[in-house]
Each structure stands twice: as C-alpha cells, then as structure tokens.
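Participant: I'm passing along coords.txt; it holds compact mmCIF, C-alpha atoms and all ligand atoms.
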# COMPACT_ATOMS: atom_id res chain seq x y z
CA MET A 202 130.67 108.99 91.60
CA LYS A 203 128.69 110.81 94.32
CA ILE A 204 125.45 109.62 92.76
CA HIS A 205 126.58 106.02 93.39
CA ILE A 206 127.44 106.82 97.02
CA LYS A 207 124.11 108.58 97.53
CA HIS A 208 122.21 105.73 95.93
CA ALA A 209 123.96 103.06 98.02
CA PHE A 210 123.20 104.91 101.27
CA CYS A 211 119.58 105.67 100.32
CA PHE A 212 119.13 102.00 99.53
CA SER A 213 120.21 101.14 103.11
CA SER A 214 117.59 103.30 104.86
CA GLU A 215 115.60 100.32 106.20
CA SER A 216 118.61 98.22 107.22
CA TYR A 217 121.13 100.83 108.44
CA ASP A 218 120.11 100.95 112.12
CA SER A 219 120.20 97.17 112.57
CA SER A 220 123.52 96.81 110.69
CA CYS A 221 125.70 99.68 111.94
CA ASP A 222 127.52 97.91 114.82
CA ILE A 223 130.89 99.59 114.24
CA GLN A 224 129.37 103.01 113.50
CA ARG A 225 127.59 102.91 116.91
CA ILE A 226 130.85 102.13 118.72
CA VAL A 227 132.63 104.93 116.83
CA ALA A 228 129.82 107.44 117.48
CA GLU A 229 130.02 106.73 121.24
CA HIS A 230 133.74 107.44 121.30
CA LEU A 231 133.45 110.55 119.15
CA ALA A 232 130.74 111.90 121.48
CA GLU A 233 133.26 111.75 124.33
CA LEU A 234 135.48 114.13 122.34
CA LEU A 235 132.76 116.75 121.88
CA PRO A 236 133.05 119.95 123.93
CA GLU A 237 131.08 120.00 127.19
CA GLY A 238 127.91 122.08 127.33
CA SER A 239 125.57 123.55 124.75
CA GLN A 240 127.03 125.21 121.66
CA ASP A 241 125.28 128.08 119.93
CA ARG A 242 125.53 126.91 116.28
CA ILE A 243 126.38 123.32 115.37
CA LEU A 244 126.91 121.74 111.95
CA GLU A 245 126.84 117.97 111.53
CA ILE A 246 128.08 116.42 108.28
CA GLY A 247 126.95 112.97 107.16
CA THR A 248 124.05 112.61 109.61
CA GLY A 249 122.65 109.37 108.19
CA THR A 250 119.76 108.10 110.32
CA GLY A 251 121.00 110.07 113.34
CA ILE A 252 123.03 107.48 115.29
CA PHE A 253 125.60 110.15 116.27
CA THR A 254 123.10 113.05 116.14
CA LYS A 255 121.30 111.69 119.20
CA LEU A 256 124.51 111.84 121.26
CA LEU A 257 125.40 115.26 119.81
CA ASN A 258 121.97 116.65 120.75
CA GLU A 259 122.24 115.28 124.29
CA LYS A 260 125.68 116.76 124.87
CA CYS A 261 125.77 120.00 122.85
CA GLY A 262 122.23 120.81 121.59
CA GLY A 263 120.39 120.99 118.27
CA ALA A 264 122.28 121.07 114.98
CA PHE A 265 122.14 121.82 111.27
CA CYS A 266 122.38 118.32 109.80
CA VAL A 267 123.68 117.79 106.26
CA ASP A 268 123.66 114.53 104.30
CA ILE A 269 123.55 113.61 100.61
CA ALA A 270 121.16 110.71 101.22
CA ASP A 271 117.63 112.08 101.64
CA ALA A 272 116.16 108.68 102.62
CA LEU A 273 118.46 108.47 105.66
CA LEU A 274 117.88 112.11 106.63
CA ALA A 275 114.13 111.48 106.60
CA LYS A 276 114.66 108.82 109.30
CA ALA A 277 116.79 111.17 111.40
CA LYS A 278 114.21 113.94 111.06
CA LYS A 279 111.46 111.66 112.32
CA ASN A 280 113.48 110.51 115.34
CA PHE A 281 115.13 113.82 116.26
CA PRO A 282 112.88 116.67 115.13
CA GLU A 283 114.77 119.34 117.08
CA ASN A 284 117.41 119.68 114.32
CA HIS A 285 117.41 121.43 110.92
CA TYR A 286 117.86 118.92 108.09
CA ILE A 287 119.45 119.82 104.78
CA CYS A 288 119.95 117.33 101.96
CA GLY A 289 123.20 118.34 100.28
CA ASP A 290 126.87 117.69 99.75
CA GLY A 291 129.23 118.23 102.69
CA GLU A 292 131.95 119.05 100.16
CA CYS A 293 129.97 122.01 98.85
CA LEU A 294 128.20 123.12 102.00
CA PRO A 295 124.59 124.22 101.54
CA VAL A 296 124.68 126.46 104.67
CA ILE A 297 125.58 130.05 105.40
CA GLY A 298 127.20 131.71 108.41
CA GLU A 299 129.73 130.47 110.91
CA PHE A 300 129.47 127.62 113.39
CA SER A 301 130.84 127.13 116.89
CA LEU A 302 131.10 123.36 116.36
CA ILE A 303 131.46 121.28 113.18
CA THR A 304 131.34 117.53 113.57
CA GLY A 305 130.41 114.25 111.91
CA SER A 306 130.87 110.56 112.54
CA SER A 307 131.92 107.88 110.04
CA ALA A 308 131.32 110.13 107.02
CA LEU A 309 134.42 112.06 105.91
CA GLN A 310 136.06 109.02 104.30
CA TRP A 311 133.42 109.43 101.57
CA PHE A 312 134.70 112.88 100.60
CA GLN A 313 136.12 112.77 97.07
CA SER A 314 138.33 115.90 97.30
CA PRO A 315 139.18 116.33 100.98
CA GLN A 316 142.25 118.48 100.19
CA LYS A 317 139.83 121.15 99.01
CA SER A 318 136.62 120.48 100.90
CA ILE A 319 138.08 120.22 104.42
CA PRO A 320 139.79 123.66 104.29
CA ASP A 321 136.52 125.04 102.81
CA MET A 322 134.55 123.44 105.65
CA LEU A 323 136.88 124.87 108.32
CA LYS A 324 136.30 128.34 106.85
CA CYS A 325 132.73 127.97 108.20
CA LEU A 326 134.09 127.57 111.75
CA LYS A 327 134.15 130.66 114.00
CA ASN A 328 137.50 131.71 115.45
CA GLY A 329 137.73 129.69 118.65
CA GLY A 330 135.19 127.18 117.28
CA LYS A 331 135.72 123.43 117.75
CA PHE A 332 135.62 120.46 115.40
CA ALA A 333 135.51 116.69 115.97
CA PHE A 334 135.32 113.90 113.38
CA SER A 335 135.73 110.15 113.13
CA VAL A 336 137.02 108.80 109.83
CA PHE A 337 137.51 105.23 108.59
CA VAL A 338 141.11 104.96 107.37
CA GLU A 339 143.41 102.58 105.52
CA GLY A 340 143.82 99.32 107.43
CA THR A 341 140.06 98.86 107.70
CA PHE A 342 139.00 95.50 106.20
CA VAL A 343 142.60 94.34 106.04
CA GLU A 344 141.38 90.71 105.89
CA MET A 345 139.07 91.46 102.96
CA SER A 346 141.82 93.28 100.99
CA ILE A 347 144.11 90.25 101.28
CA LEU A 348 141.31 87.91 100.20
CA ASN A 349 140.37 90.21 97.33
CA GLN A 350 143.88 89.81 95.92
CA MET A 351 143.58 86.04 96.26
CA THR A 352 140.03 85.51 94.97
CA GLY A 353 138.98 88.63 93.03
CA PHE A 354 135.91 89.01 95.28
CA GLY A 355 135.42 91.71 97.92
CA SER A 356 136.97 94.86 96.47
CA VAL A 357 137.47 97.48 99.17
CA TYR A 358 136.79 101.21 98.76
CA THR A 359 140.10 103.10 98.94
CA LEU A 360 140.18 104.68 102.38
CA PRO A 361 142.39 107.65 103.27
CA ASP A 362 145.80 107.25 104.86
CA GLU A 363 145.51 108.52 108.46
CA ASP A 364 148.62 110.76 108.27
CA VAL A 365 147.66 112.29 104.94
CA PHE A 366 144.15 112.96 106.22
CA ALA A 367 145.35 114.49 109.51
CA LYS A 368 147.82 116.71 107.62
CA ILE A 369 144.95 118.29 105.68
CA PHE A 370 143.63 119.60 109.01
CA GLU A 371 147.09 120.53 110.32
CA ASP A 372 147.78 122.57 107.17
CA CYS A 373 144.66 124.66 107.87
CA GLY A 374 146.37 126.31 110.84
CA VAL A 375 144.00 124.86 113.44
CA SER A 376 145.05 123.02 116.60
CA VAL A 377 144.70 119.28 116.06
CA ASN A 378 144.37 116.30 118.42
CA LYS A 379 144.41 112.90 116.81
CA GLU A 380 143.92 109.38 117.99
CA VAL A 381 143.77 106.16 115.95
CA CYS A 382 141.82 103.19 117.32
CA GLU A 383 141.69 99.72 115.84
CA TYR A 384 138.61 97.61 116.53
CA VAL A 385 138.13 93.94 115.66
CA LEU A 386 134.51 92.79 115.53
CA HIS A 387 133.71 89.09 115.40
CA PHE A 388 130.88 87.78 113.24
CA ASP A 389 129.29 84.31 113.28
CA SER A 390 130.00 83.84 109.57
CA VAL A 391 131.36 85.62 106.49
CA SER A 392 127.81 85.88 105.10
CA GLU A 393 126.65 87.61 108.30
CA PHE A 394 129.46 90.17 107.98
CA LEU A 395 128.73 90.76 104.26
CA LYS A 396 125.01 91.16 105.00
CA LYS A 397 125.69 93.74 107.73
CA GLN A 398 128.18 95.58 105.53
CA LYS A 399 125.60 95.76 102.75
CA GLY A 400 122.98 96.84 105.28
CA THR A 401 124.95 99.99 106.16
CA GLY A 402 125.04 101.11 102.52
CA ALA A 403 128.85 101.16 102.48
CA THR A 404 128.91 99.07 99.33
CA PHE A 405 130.42 101.47 96.81
CA SER A 406 134.04 100.42 96.20
CA GLY A 407 134.80 102.54 93.14
CA ARG A 408 135.78 99.34 91.28
CA ASP A 409 134.03 97.03 88.90
CA SER A 410 132.20 94.55 91.10
CA LEU A 411 131.37 91.97 88.45
CA THR A 412 132.93 88.87 89.95
CA SER A 413 132.13 85.25 89.30
CA LYS A 414 130.26 82.88 91.59
CA ALA A 415 133.48 80.86 91.82
CA SER A 416 135.46 83.78 93.28
CA TYR A 417 132.65 84.49 95.79
CA LYS A 418 132.67 80.82 96.82
CA LYS A 419 136.46 80.87 97.21
CA PHE A 420 136.17 84.05 99.32
CA LEU A 421 133.60 82.41 101.63
CA GLU A 422 135.85 79.35 102.03
CA LEU A 423 139.16 81.12 102.53
CA TYR A 424 138.05 83.83 104.99
CA PRO A 425 137.46 81.47 107.94
CA GLU A 426 140.34 79.22 106.85
CA LEU A 427 142.90 82.06 106.95
CA PHE A 428 141.49 84.34 109.64
CA GLY A 429 138.85 82.40 111.62
CA GLU A 430 139.18 82.38 115.41
CA ASN A 431 137.09 80.12 117.65
CA GLU A 432 134.41 79.60 114.98
CA LYS A 433 134.12 83.39 114.50
CA VAL A 434 135.15 85.63 111.65
CA PRO A 435 137.17 88.73 112.61
CA VAL A 436 136.84 92.06 110.78
CA THR A 437 139.31 94.87 111.47
CA TYR A 438 138.31 98.55 111.42
CA ARG A 439 140.78 101.42 111.83
CA ILE A 440 139.38 104.79 112.86
CA LEU A 441 141.02 108.21 113.02
CA TYR A 442 139.47 110.55 115.59
CA ILE A 443 140.46 114.09 114.81
CA SER A 444 139.40 117.08 116.88
CA GLY A 445 140.62 120.56 117.65
CA GLN A 446 139.98 124.28 117.63
CA LYS A 447 140.31 127.17 115.17
C1 LIG A 501 128.47 105.43 107.48
S1 LIG A 501 127.23 106.66 107.36
C2 LIG A 501 127.39 107.48 108.93
C3 LIG A 501 126.06 108.04 109.39
C4 LIG A 501 126.04 108.56 110.82
N1 LIG A 501 126.90 109.70 110.99
C5 LIG A 501 126.40 107.46 111.80
O1 LIG A 501 127.33 107.65 112.60
O2 LIG A 501 125.72 106.41 111.78
C6 LIG A 501 127.97 107.85 106.26
C7 LIG A 501 127.02 108.96 105.88
O3 LIG A 501 127.75 109.96 105.15
C8 LIG A 501 126.90 110.43 104.13
N2 LIG A 501 127.74 111.06 103.09
C9 LIG A 501 128.62 110.47 102.25
N3 LIG A 501 129.20 111.39 101.46
C10 LIG A 501 128.67 112.59 101.83
C11 LIG A 501 128.87 113.92 101.37
N4 LIG A 501 129.70 114.21 100.38
N5 LIG A 501 128.15 114.91 101.96
C12 LIG A 501 127.25 114.63 102.96
N6 LIG A 501 127.03 113.40 103.41
C13 LIG A 501 127.74 112.39 102.86
C14 LIG A 501 126.16 109.20 103.66
O4 LIG A 501 124.99 109.50 102.93
C15 LIG A 501 125.87 108.51 104.99
O5 LIG A 501 124.66 108.93 105.55
Let's see the structure in the file written out as structure tokens.
Ligand SMILES: C[S@@+](CC[C@H](N)C(=O)[O-])C[C@H]1O[C@@H](n2cnc3c(N)ncnc32)[C@H](O)[C@@H]1O
Facilitator:
Amino acid sequence: MKIHIKHAFCFSSESYDSSCDIQRIVAEHLAELLPEGSQDRILEIGTGTGIFTKLLNEKCGGAFCVDIADALLAKAKKNFPENHYICGDGECLPVIGEFSLITGSSALQWFQSPQKSIPDMLKCLKNGGKFAFSVFVEGTFVEMSILNQMTGFGSVYTLPDEDVFAKIFEDCGVSVNKEVCEYVLHFDSVSEFLKKQKGTGATFSGRDSLTSKASYKKFLELYPELFGENEKVPVTYRILYISGQK
C-alpha cells in the first residue's frame, strides 16, 4: 500500500505547490504551535516540497527531513538546502539519536500503523523534548463521502478518528494539547476542486477507483445541486493539531 502512496505523491511533484491551498493554511497554524527559539536537533516527518519546512526553519532552525516521496524531497532540498534530507518511511525511522523537536504537517494521516509507529517515533524524542503535528481527520471531505454513497464516484481515503488518534499520543505518557479546526474552502467548480486535489497527490483512497463515466457525471451534477453556495462549491477539511512534551 505504501508504494501506491509514494507513487501518488511523487507524481504530484510539479503540481503540489500550486495545488496545496489547505496544506498551506494548516502549515501556518501548526507553525504557531512550534516552540519559540532554535532547537538543537529537529526531525520533520512528511516534508513534501517543504511548505511547512520553510516556517520550521525560520522559527526553530534546520532539520532532519524525512519523506517517502523522493521527487518531493528533491524540490525541498533545492529550495531549503540548510536541512538534511532522508528518503524513507516515517513509520520505520531511518535516523539515529534523540531529537529535541519532532514535527510534521499534513502527513501523519498517511501512517498505516499509527498505534505502533507513533510510540516508536516518540521514543526518538529526548526527555523534555517537544512535538507538534497536524493531521487530517474524519469529517474531511464530508460532502464527497455523501456523494460517493449516492453516485459511486469520489471514494475517500479512510482518515483517522480524532479521539482515537489523540489517544495514541496520550497513551505514550507525554503531555498532550489538542485542538480541532474545521475549514471550508470554496472552489469555483467541482472540476477545479478535483484538479487541485489530484495536484496534491492525495489521490490514494485504498479502494477500487474504477467508476463509470455516468457516476462521474452524476457526481459533477449533484455536488453543486446539494452543497453549492453562491455559485461556489464548498469543501470541508477537519484538522487535528496535536502538540506536547515528553
Ligand atoms: C500532504 S503532503 C504534506 C507535505 C508537507 N508537510 C506540507 O505541509 O505541504 C504529505 C506528505 O507525507 C508524505 N508521507 C506519506 N506517508 C509517509 C510515510 N509513511 N513516511 C514519510 N512520509 C510520508 C508524502 O510523501 C507527502 O510528501
């Protein structure tokens, strides 16, 4: 399954930066939750093209940046050469030693076994070290899930439940602050939203995506009919911000 995720993100390397509207908003908010001042050893998971890395560098300093998608990391490396870039799986960390800060924006929802990999990741945090993550959770694309049931088009990747995800951190014996924010972005048309969504590489749903032209057409028709507001198409995103200290 990870090979599909990696492939979808690598495929988006040319379109990611012009498509990632929600990820930029989320990265800005997560940056506000980072500790003030430079940190001696920082690990970032799911770097992508470096949208959040830029803010992390400005606030806390250079980082070890891990991502499974080498094509995206190559972009980040070009734009922000002060970091160390490692192509690898955040669920099986390709780094040694302890970190004073572990962070990552819009990436942890792609973990396949968070119950195991998050405790493993927090083992790499120094005592007293801080962590801060933003995670897309259930409730994101609520409009698309309803339409998927009605038309068969637009299957949505199963996102984690915010309470279940937060409990994984709480069970690790670290202090945890959590905040859930819902954002509604408005697109000019359903096709514009689908194009942007594809452009970010977040296309892997874990389900068979062979749907007919008829169900796609029905999806395009029904979305504005059921949810349209003032000639715009709303898309809901629900984000868990989770931060704390070991
Ligand atoms: C939506 S992008 C977010 C990128 C960047 N942090 C941002 O805010 O724009 C998610 C990133 O997580 C990476 N990713 C997904 N699963 C991963 C894993 N198991 N280990 C490391 N990176 C992963 C993807 O390759 C992708 O670059």
Participant: Set the cut-off to 6 Å, count all atoms listed in the file, and list whatever residues fall near ligand LIG 501 (chain A) as a PyMOL selection string.
Facilitator: chain A and resi 207+210+224+228+246-249+251-253+267-270+290-292+305-308+311-312
Participant: With distances taken over all atoms listed in the file, which of A:Asp362, A:Leu257, A:Thr250, A:Phe354 is nearest to Ser219 (chain A)?
Facilitator: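 Between A:Asp362, A:Leu257, A:Thr250, A:Phe354, the residue approaching Ser219 (chain A) most closely is A:Thr250.
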Participant: What is the distance, in Å and to one decimal place, between CA of Asp241 (chain A) and CA of Ala275 (chain A)?
Facilitator: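 Interatomic distance, CA of Asp241 (chain A) to CA of Ala275 (chain A): 24.0 Å.
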Participant: Can you list, as a PDB file with C-alpha atoms, keeping the file's coordinate frame, every protein, DNA or RNA residue that comes within 10 Å of Glu233 (chain A) when you count all atoms listed in the file, leaving out same-chain residues fewer than 4 positions away?
Facilitator:
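Writing done, so here's out.pdb:
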ATOM      1  CA  ALA A 228     129.820 107.440 117.480  1.00  0.00           C
ATOM      2  CA  GLU A 229     130.020 106.730 121.240  1.00  0.00           C
ATOM      3  CA  GLU A 237     131.080 120.000 127.190  1.00  0.00           C
ATOM      4  CA  LEU A 256     124.510 111.840 121.260  1.00  0.00           C
ATOM      5  CA  LEU A 257     125.400 115.260 119.810  1.00  0.00           C
ATOM      6  CA  LYS A 260     125.680 116.760 124.870  1.00  0.00           C
ATOM      7  CA  ALA A 333     135.510 116.690 115.970  1.00  0.00           C
TER       8      ALA A 333
END
Participant: Quick one: everything within 6 Å of region 297-301 of chain A, counting all atoms listed in the file, minus sequence neighbours fewer than 6 positions away in the same chain. Send it as a ChimeraX atom specification.
Facilitator: /A:242-243,325-327,330
Participant: Which value, in Å to one decimal, gives the distance between CA of Phe334 (chain A) and CA of Ser239 (chain A)?
Facilitator: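 Calculated distance between CA of Phe334 (chain A) and CA of Ser239 (chain A) is 17.8 Å.
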Participant: So which one's closest to Ser318 (chain A), A:Val296, A:Val343, A:Ala403, A:Ile369? Using all atoms listed in the file, please.
Facilitator: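 Among the listed residues, the smallest separation from Ser318 (chain A) belongs to A:Ile369.
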Participant: One number please: CA of Val227 (chain A) to CA of Phe342 (chain A), in Å, one decimal.
Facilitator: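 Taking CA of Val227 (chain A) as the start and CA of Phe342 (chain A) as the end point, the length is 15.6 Å.
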